[in-house]
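Listing of run.txt, compact mmCIF, C-alpha atoms
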```txt
# COMPACT_ATOMS: atom_id res chain seq x y z
CA MET Q 1 72.20 51.35 -4.16
CA SER Q 2 74.09 53.15 -1.38
CA THR Q 3 77.86 53.25 -1.13
CA ALA Q 4 77.63 51.32 2.13
CA THR Q 5 75.70 48.52 0.42
CA GLU Q 6 78.17 48.43 -2.45
CA THR Q 7 81.04 47.70 -0.05
CA LEU Q 8 79.32 44.71 1.53
CA LYS Q 9 80.46 41.24 0.46
CA THR Q 10 77.61 39.27 -1.15
CA VAL Q 11 76.91 35.71 -0.04
CA ARG Q 12 74.06 33.62 -1.48
CA VAL Q 13 72.46 31.22 0.98
CA SER Q 14 69.63 28.72 0.57
CA VAL Q 15 66.59 28.60 2.86
CA MET Q 16 63.81 26.03 2.91
CA ASN Q 17 61.76 25.70 6.11
CA ALA Q 18 61.41 28.33 8.82
CA ILE Q 19 62.08 26.09 11.82
CA HIS Q 20 65.66 25.41 10.75
CA ASP Q 21 66.35 28.55 8.73
CA LEU Q 22 65.00 30.96 11.33
CA PRO Q 23 68.45 32.24 12.42
CA LEU Q 24 69.15 33.31 8.83
CA LEU Q 25 65.84 35.13 8.52
CA VAL Q 26 66.30 36.86 11.87
CA ALA Q 27 69.91 37.82 11.10
CA ARG Q 28 68.65 39.47 7.92
CA ASP Q 29 65.75 41.21 9.66
CA GLU Q 30 67.90 42.50 12.52
CA ARG Q 31 70.71 43.55 10.14
CA PHE Q 32 73.24 41.28 11.88
CA PHE Q 33 74.70 40.31 8.50
CA GLN Q 34 75.26 43.94 7.62
CA ASP Q 35 77.01 44.43 10.96
CA GLU Q 36 79.49 41.79 9.78
CA GLY Q 37 80.00 43.46 6.41
CA LEU Q 38 77.88 40.96 4.50
CA ASN Q 39 75.11 41.38 1.97
CA VAL Q 40 73.34 38.05 2.30
CA GLU Q 41 71.07 37.12 -0.58
CA ILE Q 42 68.52 34.58 0.63
CA VAL Q 43 67.58 32.15 -2.13
CA ASN Q 44 64.20 30.52 -1.46
CA THR Q 45 64.54 26.82 -2.26
CA ALA Q 46 61.07 25.68 -1.21
CA GLY Q 47 60.92 22.88 1.36
CA THR Q 48 58.11 20.65 2.58
CA ALA Q 49 56.68 22.71 5.46
CA GLN Q 50 54.76 25.43 3.62
CA LYS Q 51 51.02 24.94 3.35
CA GLY Q 52 50.34 24.05 -0.27
CA ALA Q 53 54.01 23.18 -0.89
CA ASP Q 54 54.76 21.34 -4.10
CA HIS Q 55 57.11 18.37 -4.47
CA ARG Q 56 60.30 20.14 -5.54
CA ALA Q 57 61.94 19.07 -2.28
CA LEU Q 58 60.81 15.45 -2.65
CA ARG Q 59 62.56 14.07 -5.73
CA ASP Q 60 63.90 10.51 -5.27
CA ASN Q 61 67.23 11.73 -6.65
CA VAL Q 62 68.32 14.30 -4.07
CA PHE Q 63 70.32 16.21 -6.68
CA GLN Q 64 67.07 16.92 -8.54
CA ARG Q 65 65.54 18.60 -5.49
CA LEU Q 66 65.28 22.36 -5.64
CA ALA Q 67 67.79 23.13 -2.87
CA GLU Q 68 70.42 20.78 -4.22
CA SER Q 69 69.88 21.59 -7.88
CA THR Q 70 70.12 25.30 -7.05
CA TYR Q 71 73.41 24.70 -5.27
CA ASP Q 72 74.67 22.37 -8.00
CA SER Q 73 74.04 25.00 -10.68
CA GLY Q 74 75.77 27.74 -8.69
CA GLY Q 75 72.61 29.52 -7.57
CA CYS Q 76 73.76 29.58 -3.95
CA ASP Q 77 77.00 28.90 -2.06
CA GLN Q 78 75.84 27.95 1.43
CA PHE Q 79 73.00 25.86 2.88
CA ARG Q 80 71.81 24.03 5.98
CA MET Q 81 69.65 20.94 6.38
CA CYS Q 82 69.19 18.18 8.93
CA GLU Q 83 72.56 16.81 10.00
CA TRP Q 84 72.15 13.50 8.18
CA GLY Q 85 70.76 15.18 5.06
CA VAL Q 86 73.84 17.38 4.82
CA MET Q 87 75.97 14.28 5.39
CA LYS Q 88 74.25 12.48 2.50
CA ARG Q 89 74.50 15.42 0.13
CA THR Q 90 78.10 16.34 0.85
CA VAL Q 91 79.29 12.73 0.72
CA GLU Q 92 77.54 12.03 -2.57
CA SER Q 93 78.83 15.24 -4.11
CA ILE Q 94 82.34 14.04 -3.30
CA VAL Q 95 82.18 10.34 -4.20
CA LYS Q 96 79.86 10.64 -7.22
CA PRO Q 97 81.08 12.49 -10.34
CA GLY Q 98 79.19 15.30 -11.97
CA HIS Q 99 78.15 17.30 -8.91
CA ARG Q 100 79.42 20.53 -7.41
CA PRO Q 101 81.45 19.55 -4.32
CA ALA Q 102 80.28 20.66 -0.90
CA LYS Q 103 81.81 20.36 2.53
CA ILE Q 104 80.35 20.20 6.00
CA VAL Q 105 81.57 23.48 7.48
CA GLY Q 106 79.90 23.52 10.88
CA LEU Q 107 77.28 22.23 13.26
CA GLY Q 108 74.29 24.51 12.80
CA SER Q 109 72.38 26.47 15.40
CA ALA Q 110 68.82 25.34 14.69
CA MET Q 111 67.53 22.28 16.54
CA SER Q 112 64.37 21.43 14.65
CA THR Q 113 61.79 19.49 16.63
CA PHE Q 114 60.34 16.42 14.95
CA ALA Q 115 57.49 14.34 16.33
CA ILE Q 116 55.77 11.08 15.46
CA VAL Q 117 52.03 11.66 15.65
CA VAL Q 118 49.01 9.38 15.34
CA ASP Q 119 45.26 9.71 15.12
CA PRO Q 120 43.86 9.00 18.63
CA LYS Q 121 41.34 6.62 17.03
CA SER Q 122 44.28 4.39 15.98
CA GLY Q 123 44.66 2.91 19.46
CA ILE Q 124 48.42 3.61 19.39
CA TYR Q 125 49.83 4.91 22.66
CA GLU Q 126 53.53 3.96 22.69
CA PRO Q 127 56.44 3.66 20.24
CA GLU Q 128 56.55 -0.14 20.41
CA GLN Q 129 53.11 -0.29 18.80
CA LEU Q 130 54.65 1.15 15.62
CA LYS Q 131 56.53 -2.09 14.92
CA ASN Q 132 56.00 -2.98 11.24
CA LYS Q 133 53.71 0.05 10.81
CA PRO Q 134 54.78 2.32 7.92
CA ILE Q 135 55.35 5.87 9.13
CA ALA Q 136 54.78 8.74 6.71
CA VAL Q 137 57.95 10.71 6.00
CA SER Q 138 59.66 12.54 3.17
CA PRO Q 139 62.63 10.33 2.21
CA TYR Q 140 66.17 11.50 2.95
CA ASN Q 141 64.91 14.52 4.86
CA GLY Q 142 64.84 15.21 8.58
CA SER Q 143 61.44 13.56 9.03
CA HIS Q 144 62.97 10.31 7.75
CA PHE Q 145 66.31 10.38 9.58
CA THR Q 146 64.94 11.62 12.91
CA MET Q 147 62.11 9.07 12.87
CA LEU Q 148 64.68 6.26 12.56
CA LYS Q 149 66.81 7.79 15.32
CA MET Q 150 63.83 8.02 17.67
CA LEU Q 151 62.34 4.61 17.06
CA GLU Q 152 65.48 2.45 16.98
CA GLY Q 153 65.71 2.83 20.76
CA PHE Q 154 62.31 1.16 21.14
CA ILE Q 155 62.14 -1.21 18.16
CA HIS Q 156 65.53 -2.86 18.14
CA LYS Q 157 65.30 -4.88 14.94
CA ARG Q 158 65.73 -2.55 11.99
CA ASP Q 159 63.61 -4.71 9.71
CA TYR Q 160 60.63 -3.79 11.88
CA LEU Q 161 61.05 -0.07 11.21
CA LYS Q 162 58.95 0.86 8.18
CA TRP Q 163 58.38 4.14 6.36
CA THR Q 164 56.38 5.40 3.43
CA ASN Q 165 56.60 8.53 1.32
CA ALA Q 166 53.41 10.49 1.92
CA GLY Q 167 54.52 13.86 0.58
CA THR Q 168 54.77 17.21 2.31
CA HIS Q 169 53.99 17.81 5.98
CA GLN Q 170 50.48 18.96 5.12
CA GLU Q 171 49.93 15.92 2.90
CA ARG Q 172 51.22 13.55 5.59
CA LEU Q 173 48.86 14.99 8.16
CA GLU Q 174 45.91 14.76 5.78
CA ALA Q 175 46.82 11.14 4.96
CA LEU Q 176 46.91 10.40 8.68
CA PHE Q 177 43.38 11.66 9.32
CA ARG Q 178 42.09 9.91 6.20
CA GLY Q 179 43.37 6.65 7.69
CA GLU Q 180 45.83 6.03 4.86
CA VAL Q 181 48.77 5.88 7.31
CA LEU Q 182 48.84 5.10 11.02
CA ALA Q 183 51.60 7.54 11.95
CA ALA Q 184 53.42 10.53 10.49
CA SER Q 185 56.72 12.23 11.21
CA LEU Q 186 56.25 16.00 11.32
CA MET Q 187 58.19 19.11 12.27
CA GLU Q 188 56.95 22.50 13.37
CA PRO Q 189 54.65 24.19 12.61
CA TRP Q 190 52.89 20.98 11.59
CA ILE Q 191 53.28 19.29 14.98
CA SER Q 192 51.25 22.15 16.41
CA VAL Q 193 48.73 21.92 13.56
CA ALA Q 194 48.39 18.19 14.25
CA GLU Q 195 47.85 18.79 17.95
CA LYS Q 196 45.28 21.48 17.24
CA ARG Q 197 43.42 19.00 15.03
CA GLY Q 198 43.50 16.43 17.83
CA ALA Q 199 46.46 14.23 16.90
CA ARG Q 200 48.42 12.39 19.59
CA VAL Q 201 52.18 12.92 19.87
CA ILE Q 202 53.85 9.57 20.57
CA MET Q 203 57.39 10.93 20.86
CA GLU Q 204 59.45 13.90 19.78
CA SER Q 205 63.06 14.96 19.58
CA HIS Q 206 65.21 17.88 18.57
CA SER Q 207 67.13 17.29 15.35
CA SER Q 208 70.47 19.01 14.79
CA ARG Q 209 71.34 20.96 11.67
CA SER Q 210 74.62 21.04 9.79
CA GLU Q 211 76.01 23.80 7.62
CA GLY Q 212 77.26 23.01 4.13
CA ALA Q 213 79.22 25.24 1.78
CA ALA Q 214 81.15 25.41 -1.45
CA ASP Q 215 84.94 25.53 -1.42
CA GLU Q 216 84.75 28.99 -2.97
CA LEU Q 217 83.30 30.44 0.26
CA ASP Q 218 86.35 31.38 2.32
CA GLY Q 219 86.83 30.87 6.05
CA PRO Q 220 86.68 34.54 7.14
CA THR Q 221 83.42 35.05 5.27
CA LEU Q 222 81.92 31.91 6.76
CA ARG Q 223 83.01 33.07 10.18
CA LYS Q 224 81.16 36.36 9.73
CA LEU Q 225 78.09 34.51 8.51
CA PHE Q 226 78.16 32.25 11.57
CA VAL Q 227 78.70 35.16 13.98
CA ALA Q 228 75.56 36.81 12.61
CA GLU Q 229 73.61 33.53 12.81
CA GLY Q 230 74.79 33.09 16.39
CA ARG Q 231 73.53 36.53 17.35
CA ALA Q 232 70.22 35.67 15.73
CA ALA Q 233 70.01 32.39 17.64
CA GLU Q 234 70.46 34.28 20.90
CA ALA Q 235 67.77 36.78 19.93
CA ILE Q 236 65.35 33.96 19.08
CA GLN Q 237 65.94 32.22 22.39
CA LYS Q 238 65.33 35.43 24.31
CA ASN Q 239 62.04 36.12 22.53
CA PRO Q 240 60.83 33.30 20.28
CA ALA Q 241 57.34 34.80 20.06
CA LYS Q 242 58.76 37.83 18.23
CA TYR Q 243 59.91 35.64 15.35
CA ALA Q 244 57.26 32.91 15.42
CA HIS Q 245 55.33 34.66 12.63
CA TYR Q 246 57.50 32.83 10.10
CA LEU Q 247 56.15 29.49 11.34
CA LEU Q 248 52.59 30.81 11.44
CA GLU Q 249 52.95 31.93 7.82
CA GLU Q 250 54.07 28.42 6.80
CA ALA Q 251 50.96 26.97 8.44
CA GLY Q 252 48.84 29.16 6.17
CA GLY Q 253 46.20 30.26 8.66
CA GLU Q 254 45.99 26.96 10.56
CA LEU Q 255 47.54 28.41 13.74
CA GLU Q 256 47.54 31.39 16.09
CA LEU Q 257 50.57 32.24 18.20
CA ALA Q 258 48.93 30.66 21.24
CA ASP Q 259 48.77 27.34 19.38
CA LEU Q 260 52.56 27.10 19.05
CA LYS Q 261 54.68 25.47 21.73
CA LEU Q 262 57.47 28.04 21.71
CA ALA Q 263 59.89 25.71 23.51
CA ARG Q 264 60.10 23.74 20.26
CA ILE Q 265 61.89 26.71 18.67
CA LEU Q 266 65.36 25.86 19.94
CA ASN Q 267 68.69 27.22 18.75
CA GLY Q 268 72.15 26.56 20.08
CA PRO Q 269 75.55 28.04 19.25
CA LEU Q 270 77.24 27.15 15.98
CA ALA Q 271 80.31 25.00 16.42
CA PRO Q 272 82.99 23.15 14.46
CA TYR Q 273 82.02 19.73 13.13
CA THR Q 274 84.26 17.37 15.08
CA ARG Q 275 85.87 14.16 13.92
CA ASP Q 276 84.00 12.12 16.56
CA ARG Q 277 80.68 13.54 15.44
CA PHE Q 278 81.47 12.88 11.80
CA GLU Q 279 82.51 9.28 12.43
CA GLU Q 280 79.43 8.49 14.51
CA ASN Q 281 76.91 10.09 12.17
CA TYR Q 282 78.52 8.94 8.94
CA GLN Q 283 78.67 5.34 10.14
CA TRP Q 284 75.06 5.50 11.31
CA THR Q 285 73.92 6.91 7.94
CA LEU Q 286 76.06 4.41 6.04
CA ASN Q 287 74.78 1.45 8.08
CA TRP Q 288 71.21 2.39 7.22
CA GLY Q 289 72.11 2.50 3.53
CA LEU Q 290 71.33 6.20 3.43
CA ALA Q 291 74.73 7.42 2.23
CA GLU Q 292 77.48 6.28 -0.10
CA PRO Q 293 80.74 4.68 1.09
CA GLY Q 294 84.09 6.33 0.48
CA ALA Q 295 83.87 9.45 2.63
CA THR Q 296 86.42 10.45 5.25
CA TYR Q 297 86.58 13.27 7.74
CA GLU Q 298 89.38 14.80 5.70
CA ASN Q 299 87.48 14.88 2.38
CA THR Q 300 84.06 15.77 3.80
CA VAL Q 301 84.58 18.25 6.66
CA ASP Q 302 86.25 21.66 6.52
CA ASN Q 303 86.07 23.76 9.70
CA ARG Q 304 87.75 26.71 7.99
CA ALA Q 305 85.45 29.21 9.69
CA TRP Q 306 87.21 28.44 12.97
CA GLU Q 307 90.75 27.99 11.64
CA LEU Q 308 91.71 31.63 11.78
CA SER Q 309 94.79 33.17 13.33
```
Conversion result in structure tokens:
Amino acid sequence: MSTATETLKTVRVSVMNAIHDLPLLVARDERFFQDEGLNVEIVNTAGTAQKGADHRALRDNVFQRLAESTYDSGGCDQFRMCEWGVMKRTVESIVKPGHRPAKIVGLGSAMSTFAIVVDPKSGIYEPEQLKNKPIAVSPYNGSHFTMLKMLEGFIHKRDYLKWTNAGTHQERLEALFRGEVLAASLMEPWISVAEKRGARVIMESHSSRSEGAADELDGPTLRKLFVAEGRAAEAIQKNPAKYAHYLLEEAGGELELADLKLARILNGPLAPYTRDRFEENYQWTLNWGLAEPGATYENTVDNRAWELS
């Protein structure tokens, strides 16, 4: 190990799916972390987007899922997930005993696209036709939360919004074409796989990410991490095709670069997590019964990366 490497501060971060962890992977590849004096160890906590993925990200108890159990046991100190997933995990780590506390420490850069897709033979053409039709998701993940967000503007009675656990993205798509479900909520690269196989996209939306971290990770270090991620986000937006190979690898040979809609790879600047945003998203998650009561902005959010003199 070189002297230069020895002087870098080590930070362990969790990654799951390429579409929302791409800024981390690019920051590593382009040495942006090293520019900030960081040695970032990327801990692979398998998600649901890899072809042939197992179910370690699909446990009913979120604390038994690989990403959360790795964090809980001290295997990593920083993570990002869909905004509502981070809300659920941080809130429950605070209000339920026995778990390593985590705080929301920023609004992430990745804006993962999710889409609700159907088999064209289903005769479904519009969101309203999904009333009382179970949609395949993975519970308490972005496919679940974003599906509810999208459909509640079209199907106003919540009792009419149905979902079913149909496994990983690959498994959901296969269930769709076997006729076991009428619709599935997917993210990239599986939206593109679905389209290539002939599926119909009914609606789609970008889904924000949040950043979570342990109290032990100090503000200046987080700031450096976020600066590097921000540089990576800019690089991705300038040339998404350069970094799309990570999504193609997850699809396991299902796609070529020309099959991907590169506009779905969207990244914005990292930002503090505001009180207004917390109140709106926590109340939404709470009202759906997807998070525990008892959280406040003060005990859940810590924008220490931006609170520097």
Quick one: distance from atom CA of Q:Ser69 to atom CA of Q:Asn165 in Å, one decimal? 20.8 Å
Measuring atom to atom with only C-alpha atoms, identify which of Q:Ala194, Q:Leu257, Q:Val181, Q:Cys76 is nearest to Q:Lys133.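 Nearest to Q:Lys133: Q:Val181.
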Contact check, stretch 154-246 of chain Q to stretch 284-294 of chain Q, at most 12 Å, counting all atoms listed in the file, closest pairs as CSV:
```
residue,atom,partner,partner_atom,distance
Q:Arg158,CA,Q:Trp288,CA,8.8
Q:Asp159,CA,Q:Trp288,CA,10.7
Q:Leu161,CA,Q:Trp288,CA,11.2
```
Q:Ala136, Q:Val301, Q:Leu222, Q:Leu266 ranked by distance to Q:Ile19, top pick (using only C-alpha atoms): Q:Leu266
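Distances to Q:Asn239 were evaluated for Q:Lys131, Q:Ala263, Q:Thr300, Q:Ile155 using only C-alpha atoms, and the minimum falls at Q:Ala263.
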Gap from atom CA of Q:Lys224 to atom CA of Q:Phe32 - Å, one decimal: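 These two atoms are separated by 9.6 Å.
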Name the closest residue to Q:Tyr243 among the candidates Q:Thr70, Q:Leu22, Q:Lys261, Q:Ala46; distances are taken between atoms, counting only C-alpha atoms.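 Closest residue, counting only C-alpha atoms: Q:Leu22.
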Can you tell me, as an MDAnalysis selection string, what residues are no more than 9 Å from Q:Glu195 when counting all atoms listed in the file, ignoring any on the same chain fewer than 5 positions away? chainID Q and resid 117 190 200:201 259
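Counting only C-alpha atoms and comparing Q:Met81, Q:Ala251, Q:Leu225, Q:Ala175, the residue that lies closest to Q:Met111 is Q:Met81.
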Counting all atoms listed in the file, select every polymer residue within 12 Å of (84.7, 27.8, 10.4) as defined in the file's coordinates, and provide the selection as a PyMOL selection string. chain Q and resi 103-108+211-213+217-227+270-274+301-309
Just give me the gap between atom CA of Q:Val40 and atom CA of Q:Ala241 in Å, one decimal is fine.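 According to the coordinates, atom CA of Q:Val40 and atom CA of Q:Ala241 are separated by 24.1 Å.
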If you count all atoms listed in the file, which residues fall within 8 Å of stretch 59-65 of chain Q, apart from same-chain ones fewer than 6 positions away, as a ChimeraX atom specification? /Q:72,89,139-140
Determine, counting all atoms listed in the file, which protein, DNA and RNA residues have an atom within 10 Å of an atom of Q:Glu41; residues of the same chain fewer than 6 positions away are not included. Present the result as a PyMOL selection string. chain Q and resi 10-14+28+76
Residues at most 12 Å from Q:Glu204, counting all atoms listed in the file, excluding those fewer than 4 positions away in the same chain, as a ChimeraX atom specification? /Q:112-117,126-127,143,146-151,184-188,191,200,264
Between Q:Asn141, Q:Thr7, Q:Thr296, Q:Thr164, smallest distance to Q:Glu36 by only C-alpha atoms belongs to Q:Thr7
